[in-house]
file start39.json (JSON, C-alpha atoms)
[["chain", "number", "residue", "atom", "x", "y", "z"],
["A", 1, "MET", "CA", 80.68, 104.84, 123.41],
["A", 2, "THR", "CA", 82.39, 102.33, 121.14],
["A", 3, "LEU", "CA", 84.81, 99.78, 122.52],
["A", 4, "THR", "CA", 87.37, 97.96, 120.44],
["A", 5, "GLU", "CA", 87.75, 94.24, 121.03],
["A", 6, "ASP", "CA", 90.97, 94.85, 123.00],
["A", 7, "ASP", "CA", 89.36, 97.58, 125.10],
["A", 8, "PHE", "CA", 86.41, 95.36, 125.87],
["A", 9, "LYS", "CA", 88.66, 92.50, 127.02],
["A", 10, "LYS", "CA", 90.70, 94.85, 129.24],
["A", 11, "ILE", "CA", 87.60, 96.23, 130.96],
["A", 12, "TYR", "CA", 85.21, 93.27, 131.04],
["A", 13, "LYS", "CA", 87.71, 90.57, 131.99],
["A", 14, "TRP", "CA", 85.60, 87.75, 133.37],
["A", 15, "THR", "CA", 83.14, 85.27, 131.95],
["A", 16, "PHE", "CA", 80.38, 83.95, 134.20],
["A", 17, "GLN", "CA", 82.54, 81.00, 135.27],
["A", 18, "GLN", "CA", 85.52, 83.25, 135.98],
["A", 19, "LEU", "CA", 83.27, 85.45, 138.12],
["A", 20, "ILE", "CA", 82.18, 82.40, 140.12],
["A", 21, "ASP", "CA", 85.83, 81.37, 140.57],
["A", 22, "GLN", "CA", 86.78, 84.85, 141.80],
["A", 23, "LEU", "CA", 83.89, 84.91, 144.26],
["A", 24, "LYS", "CA", 84.85, 81.49, 145.65],
["A", 25, "LYS", "CA", 88.41, 82.72, 146.20],
["A", 26, "ARG", "CA", 87.29, 85.96, 147.83],
["A", 27, "TYR", "CA", 84.54, 84.91, 150.26],
["A", 28, "ILE", "CA", 84.30, 82.26, 152.95],
["A", 29, "ASP", "CA", 80.51, 81.95, 152.68],
["A", 30, "PHE", "CA", 79.96, 82.14, 148.90],
["A", 31, "LYS", "CA", 77.81, 79.60, 147.08],
["A", 32, "ALA", "CA", 76.48, 79.89, 143.54],
["A", 33, "ASN", "CA", 72.85, 79.61, 144.60],
["A", 34, "SER", "CA", 69.64, 81.64, 144.58],
["A", 35, "LYS", "CA", 71.15, 84.28, 146.89],
["A", 36, "PHE", "CA", 73.98, 84.81, 144.43],
["A", 37, "ASN", "CA", 71.56, 85.00, 141.50],
["A", 38, "SER", "CA", 69.30, 87.47, 143.30],
["A", 39, "ILE", "CA", 72.32, 89.76, 143.82],
["A", 40, "ARG", "CA", 73.70, 89.29, 140.29],
["A", 41, "LYS", "CA", 70.51, 89.66, 138.24],
["A", 42, "PRO", "CA", 69.85, 93.38, 138.96],
["A", 43, "LEU", "CA", 73.50, 94.13, 138.13],
["A", 44, "LEU", "CA", 73.08, 92.77, 134.60],
["A", 45, "ALA", "CA", 71.44, 96.05, 133.59],
["A", 46, "ASP", "CA", 74.39, 98.14, 134.79],
["A", 47, "SER", "CA", 77.28, 98.50, 132.35],
["A", 48, "LYS", "CA", 79.53, 99.49, 135.27],
["A", 49, "TYR", "CA", 79.58, 95.79, 136.12],
["A", 50, "VAL", "CA", 78.56, 93.68, 133.14],
["A", 51, "ARG", "CA", 78.15, 93.88, 129.37],
["A", 52, "PRO", "CA", 76.75, 91.30, 127.01],
["A", 53, "ARG", "CA", 78.50, 90.22, 123.83],
["A", 54, "PHE", "CA", 76.14, 89.18, 121.08],
["A", 55, "LEU", "CA", 76.84, 86.48, 118.52],
["A", 56, "ASP", "CA", 75.44, 88.87, 115.93],
["A", 57, "PRO", "CA", 76.16, 92.42, 117.16],
["A", 58, "ASP", "CA", 73.48, 93.85, 114.87],
["A", 59, "ASN", "CA", 70.78, 91.59, 116.32],
["A", 60, "PRO", "CA", 70.12, 92.01, 120.07],
["A", 61, "LYS", "CA", 67.97, 88.86, 119.98],
["A", 62, "SER", "CA", 70.93, 86.71, 118.95],
["A", 63, "GLY", "CA", 72.81, 84.51, 121.39],
["A", 64, "ARG", "CA", 74.77, 86.38, 124.02],
["A", 65, "LYS", "CA", 77.42, 85.91, 126.65],
["A", 66, "ASP", "CA", 77.87, 88.24, 129.60],
["A", 67, "PHE", "CA", 81.29, 89.55, 130.63],
["A", 68, "TYR", "CA", 81.96, 91.05, 134.05],
["A", 69, "ARG", "CA", 84.22, 93.80, 135.36],
["A", 70, "PRO", "CA", 86.23, 93.23, 138.53],
["A", 71, "THR", "CA", 84.41, 96.25, 140.00],
["A", 72, "ILE", "CA", 81.38, 93.98, 140.49],
["A", 73, "LEU", "CA", 83.15, 92.56, 143.55],
["A", 74, "SER", "CA", 82.27, 95.73, 145.47],
["A", 75, "GLU", "CA", 78.59, 94.81, 145.18],
["A", 76, "PHE", "CA", 79.18, 91.26, 146.41],
["A", 77, "ASP", "CA", 81.26, 92.62, 149.32],
["A", 78, "LYS", "CA", 77.99, 93.96, 150.72],
["A", 79, "HIS", "CA", 76.51, 90.45, 150.96],
["A", 80, "TYR", "CA", 79.35, 88.01, 151.66],
["A", 81, "THR", "CA", 82.18, 87.67, 154.18],
["A", 82, "ARG", "CA", 85.66, 88.18, 152.78],
["A", 83, "LYS", "CA", 88.41, 85.72, 153.57],
["A", 84, "ALA", "CA", 91.13, 86.98, 155.86],
["A", 85, "ASN", "CA", 94.30, 87.97, 154.03],
["A", 86, "PRO", "CA", 97.20, 85.77, 155.16]]
call {"tool": "encode", "arguments": {"input": "start39.json", "output": "structure tokens"}}
result
Amino acid sequence: MTLTEDDFKKIYKWTFQQLIDQLKKRYIDFKANSKFNSIRKPLLADSKYVRPRFLDPDNPKSGRKDFYRPTILSEFDKHYTRKANP
């Protein structure tokens, strides 16, 4: 499957920092700590939740940045307590 730049941005909306910000807004007990990393790390292999962007797309050893889909929140819902909706 090939994604255009626009398609990629529509699907994988969040950078790592934006993911952290969304999790802080969503959960009362969220902290970016080892628990968070132990949940996040296995998800890095699943393109349903995250895809890397490489500095040099033809070289998988080049620098990369991960981008996250909002669907990843469903996985964090299993581990954290959601804030009550006002």
call {"tool": "closest_residue", "arguments": {"input": "start39.json", "among": "A:Lys35, A:Lys24, A:Lys41, A:Lys61", "to": "A:Lys83", "atoms": "all atoms listed in the file"}}
result
A:Lys24
call {"tool": "closest_residue", "arguments": {"input": "start39.json", "among": "A:His79, A:Arg64, A:Arg69, A:Lys48", "to": "A:Gln18", "atoms": "only C-alpha atoms"}}
result
A:Arg69
call {"tool": "closest_residue", "arguments": {"input": "start39.json", "among": "A:Leu73, A:Phe8, A:Thr81, A:Lys65", "to": "A:Tyr27", "atoms": "all atoms listed in the file"}}
result
A:Thr81
call {"tool": "residues_around", "arguments": {"input": "start39.json", "residues": "A:Trp14", "least_positions_apart": "3", "cutoff": "10 Å", "atoms": "only C-alpha atoms", "output": "PDB file with C-alpha atoms, keeping the file's coordinate frame"}}
result
ATOM      1  CA  LYS A   9      88.660  92.500 127.020  1.00  0.00           C
ATOM      2  CA  LYS A  10      90.700  94.850 129.240  1.00  0.00           C
ATOM      3  CA  ILE A  11      87.600  96.230 130.960  1.00  0.00           C
ATOM      4  CA  GLN A  17      82.540  81.000 135.270  1.00  0.00           C
ATOM      5  CA  GLN A  18      85.520  83.250 135.980  1.00  0.00           C
ATOM      6  CA  LEU A  19      83.270  85.450 138.120  1.00  0.00           C
ATOM      7  CA  ILE A  20      82.180  82.400 140.120  1.00  0.00           C
ATOM      8  CA  ASP A  21      85.830  81.370 140.570  1.00  0.00           C
ATOM      9  CA  GLN A  22      86.780  84.850 141.800  1.00  0.00           C
ATOM     10  CA  VAL A  50      78.560  93.680 133.140  1.00  0.00           C
ATOM     11  CA  ASP A  66      77.870  88.240 129.600  1.00  0.00           C
ATOM     12  CA  PHE A  67      81.290  89.550 130.630  1.00  0.00           C
ATOM     13  CA  TYR A  68      81.960  91.050 134.050  1.00  0.00           C
ATOM     14  CA  ARG A  69      84.220  93.800 135.360  1.00  0.00           C
ATOM     15  CA  PRO A  70      86.230  93.230 138.530  1.00  0.00           C
TER      16      PRO A  70
END
call {"tool": "atom_distance", "arguments": {"input": "start39.json", "atom1": "atom CA of A:Tyr80", "atom2": "atom CA of A:Leu43"}}
result
16.0 Å
call {"tool": "atom_distance", "arguments": {"input": "start39.json", "atom1": "atom CA of A:Lys25", "atom2": "atom CA of A:Arg40"}}
result
17.2 Å
call {"tool": "atom_distance", "arguments": {"input": "start39.json", "atom1": "atom CA of A:Ser62", "atom2": "atom CA of A:Leu23"}}
result
28.5 Å
call {"tool": "axis_aligned_box", "arguments": {"input": "start39.json", "around": "stretch 54-58 of chain A", "padding_each_side": "3 Å", "output": "JSON"}}
result
{"center_x": 75.2, "center_y": 90.2, "center_z": 118.0, "size_x": 9.4, "size_y": 13.4, "size_z": 12.2}
call {"tool": "closest_residue", "arguments": {"input": "start39.json", "among": "A:Tyr12, A:Asp7, A:Ile28, A:Asn85", "to": "A:Tyr49", "atoms": "only C-alpha atoms"}}
result
A:Tyr12
call {"tool": "closest_residue", "arguments": {"input": "start39.json", "among": "A:Ala84, A:Glu5, A:Asp56, A:Pro42", "to": "A:Ile72", "atoms": "all atoms listed in the file"}}
result
A:Pro42
call {"tool": "decode", "arguments": {"input": "start39.json", "residues": "stretch 38-74 of chain A", "atoms": "N, CA, C and O atoms", "output": "PDB file, in the first residue's frame"}}
result
ATOM      1  N   SER A  38       6.097   0.848  28.283  1.00  0.00           N
ATOM      2  CA  SER A  38       5.889  -0.595  28.143  1.00  0.00           C
ATOM      3  C   SER A  38       4.602  -0.902  27.370  1.00  0.00           C
ATOM      4  O   SER A  38       4.500  -1.942  26.729  1.00  0.00           O
ATOM      5  N   ILE A  39       3.644  -0.012  27.405  1.00  0.00           N
ATOM      6  CA  ILE A  39       2.412  -0.161  26.615  1.00  0.00           C
ATOM      7  C   ILE A  39       2.673   0.236  25.163  1.00  0.00           C
ATOM      8  O   ILE A  39       2.253  -0.433  24.219  1.00  0.00           O
ATOM      9  N   ARG A  40       3.374   1.339  24.975  1.00  0.00           N
ATOM     10  CA  ARG A  40       3.611   1.912  23.645  1.00  0.00           C
ATOM     11  C   ARG A  40       4.564   1.072  22.794  1.00  0.00           C
ATOM     12  O   ARG A  40       4.315   0.869  21.596  1.00  0.00           O
ATOM     13  N   LYS A  41       5.622   0.573  23.363  1.00  0.00           N
ATOM     14  CA  LYS A  41       6.666  -0.106  22.575  1.00  0.00           C
ATOM     15  C   LYS A  41       6.135  -1.261  21.718  1.00  0.00           C
ATOM     16  O   LYS A  41       6.465  -1.332  20.533  1.00  0.00           O
ATOM     17  N   PRO A  42       5.316  -2.185  22.251  1.00  0.00           N
ATOM     18  CA  PRO A  42       4.821  -3.258  21.376  1.00  0.00           C
ATOM     19  C   PRO A  42       3.936  -2.744  20.234  1.00  0.00           C
ATOM     20  O   PRO A  42       3.846  -3.376  19.181  1.00  0.00           O
ATOM     21  N   LEU A  43       3.310  -1.592  20.423  1.00  0.00           N
ATOM     22  CA  LEU A  43       2.424  -1.037  19.399  1.00  0.00           C
ATOM     23  C   LEU A  43       3.196  -0.450  18.222  1.00  0.00           C
ATOM     24  O   LEU A  43       2.628  -0.250  17.144  1.00  0.00           O
ATOM     25  N   LEU A  44       4.479  -0.183  18.413  1.00  0.00           N
ATOM     26  CA  LEU A  44       5.294   0.393  17.343  1.00  0.00           C
ATOM     27  C   LEU A  44       5.382  -0.518  16.125  1.00  0.00           C
ATOM     28  O   LEU A  44       5.606  -0.047  15.016  1.00  0.00           O
ATOM     29  N   ALA A  45       5.188  -1.799  16.322  1.00  0.00           N
ATOM     30  CA  ALA A  45       5.264  -2.754  15.212  1.00  0.00           C
ATOM     31  C   ALA A  45       3.943  -2.888  14.460  1.00  0.00           C
ATOM     32  O   ALA A  45       3.888  -3.574  13.440  1.00  0.00           O
ATOM     33  N   ASP A  46       2.901  -2.236  14.938  1.00  0.00           N
ATOM     34  CA  ASP A  46       1.568  -2.396  14.354  1.00  0.00           C
ATOM     35  C   ASP A  46       1.166  -1.136  13.595  1.00  0.00           C
ATOM     36  O   ASP A  46       0.917  -0.089  14.202  1.00  0.00           O
ATOM     37  N   SER A  47       1.072  -1.243  12.282  1.00  0.00           N
ATOM     38  CA  SER A  47       0.743  -0.070  11.463  1.00  0.00           C
ATOM     39  C   SER A  47      -0.690   0.405  11.659  1.00  0.00           C
ATOM     40  O   SER A  47      -1.068   1.458  11.143  1.00  0.00           O
ATOM     41  N   LYS A  48      -1.506  -0.339  12.414  1.00  0.00           N
ATOM     42  CA  LYS A  48      -2.836   0.161  12.757  1.00  0.00           C
ATOM     43  C   LYS A  48      -2.724   1.368  13.675  1.00  0.00           C
ATOM     44  O   LYS A  48      -3.651   2.157  13.771  1.00  0.00           O
ATOM     45  N   TYR A  49      -1.602   1.478  14.362  1.00  0.00           N
ATOM     46  CA  TYR A  49      -1.439   2.523  15.374  1.00  0.00           C
ATOM     47  C   TYR A  49      -0.315   3.514  15.092  1.00  0.00           C
ATOM     48  O   TYR A  49      -0.421   4.674  15.475  1.00  0.00           O
ATOM     49  N   VAL A  50       0.748   3.061  14.484  1.00  0.00           N
ATOM     50  CA  VAL A  50       1.922   3.925  14.311  1.00  0.00           C
ATOM     51  C   VAL A  50       2.691   3.545  13.047  1.00  0.00           C
ATOM     52  O   VAL A  50       2.732   2.382  12.667  1.00  0.00           O
ATOM     53  N   ARG A  51       3.244   4.569  12.401  1.00  0.00           N
ATOM     54  CA  ARG A  51       4.111   4.352  11.237  1.00  0.00           C
ATOM     55  C   ARG A  51       5.297   5.282  11.351  1.00  0.00           C
ATOM     56  O   ARG A  51       5.147   6.445  11.714  1.00  0.00           O
ATOM     57  N   PRO A  52       6.472   4.789  11.024  1.00  0.00           N
ATOM     58  CA  PRO A  52       7.640   5.663  11.020  1.00  0.00           C
ATOM     59  C   PRO A  52       7.757   6.417   9.700  1.00  0.00           C
ATOM     60  O   PRO A  52       7.310   5.933   8.661  1.00  0.00           O
ATOM     61  N   ARG A  53       8.326   7.585   9.769  1.00  0.00           N
ATOM     62  CA  ARG A  53       8.717   8.333   8.567  1.00  0.00           C
ATOM     63  C   ARG A  53      10.222   8.427   8.603  1.00  0.00           C
ATOM     64  O   ARG A  53      10.805   8.844   9.594  1.00  0.00           O
ATOM     65  N   PHE A  54      10.862   8.027   7.524  1.00  0.00           N
ATOM     66  CA  PHE A  54      12.307   8.019   7.457  1.00  0.00           C
ATOM     67  C   PHE A  54      12.819   9.272   6.755  1.00  0.00           C
ATOM     68  O   PHE A  54      12.226   9.742   5.793  1.00  0.00           O
ATOM     69  N   LEU A  55      13.955   9.772   7.240  1.00  0.00           N
ATOM     70  CA  LEU A  55      14.581  10.926   6.620  1.00  0.00           C
ATOM     71  C   LEU A  55      14.922  10.607   5.159  1.00  0.00           C
ATOM     72  O   LEU A  55      14.697  11.408   4.261  1.00  0.00           O
ATOM     73  N   ASP A  56      15.426   9.410   4.949  1.00  0.00           N
ATOM     74  CA  ASP A  56      15.692   8.911   3.605  1.00  0.00           C
ATOM     75  C   ASP A  56      14.804   7.683   3.401  1.00  0.00           C
ATOM     76  O   ASP A  56      15.119   6.603   3.899  1.00  0.00           O
ATOM     77  N   PRO A  57      13.686   7.828   2.705  1.00  0.00           N
ATOM     78  CA  PRO A  57      12.733   6.716   2.567  1.00  0.00           C
ATOM     79  C   PRO A  57      13.332   5.439   1.984  1.00  0.00           C
ATOM     80  O   PRO A  57      12.832   4.354   2.224  1.00  0.00           O
ATOM     81  N   ASP A  58      14.414   5.561   1.213  1.00  0.00           N
ATOM     82  CA  ASP A  58      15.034   4.385   0.612  1.00  0.00           C
ATOM     83  C   ASP A  58      16.021   3.685   1.547  1.00  0.00           C
ATOM     84  O   ASP A  58      16.536   2.631   1.210  1.00  0.00           O
ATOM     85  N   ASN A  59      16.271   4.286   2.703  1.00  0.00           N
ATOM     86  CA  ASN A  59      17.229   3.724   3.652  1.00  0.00           C
ATOM     87  C   ASN A  59      16.564   3.555   5.011  1.00  0.00           C
ATOM     88  O   ASN A  59      16.452   4.516   5.772  1.00  0.00           O
ATOM     89  N   PRO A  60      16.135   2.333   5.360  1.00  0.00           N
ATOM     90  CA  PRO A  60      15.452   2.131   6.649  1.00  0.00           C
ATOM     91  C   PRO A  60      16.344   2.346   7.865  1.00  0.00           C
ATOM     92  O   PRO A  60      15.866   2.407   8.981  1.00  0.00           O
ATOM     93  N   LYS A  61      17.643   2.506   7.647  1.00  0.00           N
ATOM     94  CA  LYS A  61      18.556   2.789   8.765  1.00  0.00           C
ATOM     95  C   LYS A  61      18.735   4.287   8.989  1.00  0.00           C
ATOM     96  O   LYS A  61      19.443   4.700   9.896  1.00  0.00           O
ATOM     97  N   SER A  62      18.098   5.096   8.162  1.00  0.00           N
ATOM     98  CA  SER A  62      18.210   6.550   8.317  1.00  0.00           C
ATOM     99  C   SER A  62      17.390   7.006   9.521  1.00  0.00           C
ATOM    100  O   SER A  62      16.626   6.242  10.099  1.00  0.00           O
ATOM    101  N   GLY A  63      17.540   8.261   9.882  1.00  0.00           N
ATOM    102  CA  GLY A  63      16.768   8.815  10.987  1.00  0.00           C
ATOM    103  C   GLY A  63      15.281   8.666  10.734  1.00  0.00           C
ATOM    104  O   GLY A  63      14.821   8.677   9.591  1.00  0.00           O
ATOM    105  N   ARG A  64      14.520   8.501  11.816  1.00  0.00           N
ATOM    106  CA  ARG A  64      13.082   8.307  11.658  1.00  0.00           C
ATOM    107  C   ARG A  64      12.321   9.050  12.735  1.00  0.00           C
ATOM    108  O   ARG A  64      12.865   9.382  13.779  1.00  0.00           O
ATOM    109  N   LYS A  65      11.055   9.276  12.440  1.00  0.00           N
ATOM    110  CA  LYS A  65      10.136   9.881  13.391  1.00  0.00           C
ATOM    111  C   LYS A  65       8.838   9.108  13.293  1.00  0.00           C
ATOM    112  O   LYS A  65       8.341   8.865  12.192  1.00  0.00           O
ATOM    113  N   ASP A  66       8.306   8.708  14.444  1.00  0.00           N
ATOM    114  CA  ASP A  66       7.064   7.939  14.455  1.00  0.00           C
ATOM    115  C   ASP A  66       5.859   8.872  14.496  1.00  0.00           C
ATOM    116  O   ASP A  66       5.874   9.896  15.173  1.00  0.00           O
ATOM    117  N   PHE A  67       4.809   8.476  13.762  1.00  0.00           N
ATOM    118  CA  PHE A  67       3.545   9.199  13.752  1.00  0.00           C
ATOM    119  C   PHE A  67       2.442   8.234  14.151  1.00  0.00           C
ATOM    120  O   PHE A  67       2.436   7.079  13.733  1.00  0.00           O
ATOM    121  N   TYR A  68       1.495   8.721  14.948  1.00  0.00           N
ATOM    122  CA  TYR A  68       0.492   7.880  15.587  1.00  0.00           C
ATOM    123  C   TYR A  68      -0.907   8.192  15.078  1.00  0.00           C
ATOM    124  O   TYR A  68      -1.245   9.347  14.819  1.00  0.00           O
ATOM    125  N   ARG A  69      -1.722   7.143  14.997  1.00  0.00           N
ATOM    126  CA  ARG A  69      -3.132   7.290  14.643  1.00  0.00           C
ATOM    127  C   ARG A  69      -3.939   7.484  15.922  1.00  0.00           C
ATOM    128  O   ARG A  69      -3.620   6.906  16.958  1.00  0.00           O
ATOM    129  N   PRO A  70      -5.016   8.222  15.857  1.00  0.00           N
ATOM    130  CA  PRO A  70      -5.888   8.354  17.028  1.00  0.00           C
ATOM    131  C   PRO A  70      -6.450   7.015  17.519  1.00  0.00           C
ATOM    132  O   PRO A  70      -6.796   6.893  18.692  1.00  0.00           O
ATOM    133  N   THR A  71      -6.488   6.013  16.671  1.00  0.00           N
ATOM    134  CA  THR A  71      -6.994   4.699  17.088  1.00  0.00           C
ATOM    135  C   THR A  71      -6.142   4.071  18.189  1.00  0.00           C
ATOM    136  O   THR A  71      -6.599   3.150  18.871  1.00  0.00           O
ATOM    137  N   ILE A  72      -4.938   4.567  18.390  1.00  0.00           N
ATOM    138  CA  ILE A  72      -4.061   4.030  19.436  1.00  0.00           C
ATOM    139  C   ILE A  72      -4.663   4.264  20.825  1.00  0.00           C
ATOM    140  O   ILE A  72      -4.357   3.544  21.770  1.00  0.00           O
ATOM    141  N   LEU A  73      -5.544   5.244  20.937  1.00  0.00           N
ATOM    142  CA  LEU A  73      -6.165   5.531  22.232  1.00  0.00           C
ATOM    143  C   LEU A  73      -6.930   4.331  22.770  1.00  0.00           C
ATOM    144  O   LEU A  73      -6.995   4.131  23.989  1.00  0.00           O
ATOM    145  N   SER A  74      -7.478   3.512  21.899  1.00  0.00           N
ATOM    146  CA  SER A  74      -8.220   2.327  22.350  1.00  0.00           C
ATOM    147  C   SER A  74      -7.325   1.374  23.131  1.00  0.00           C
ATOM    148  O   SER A  74      -7.776   0.710  24.065  1.00  0.00           O
TER     149      SER A  74
END
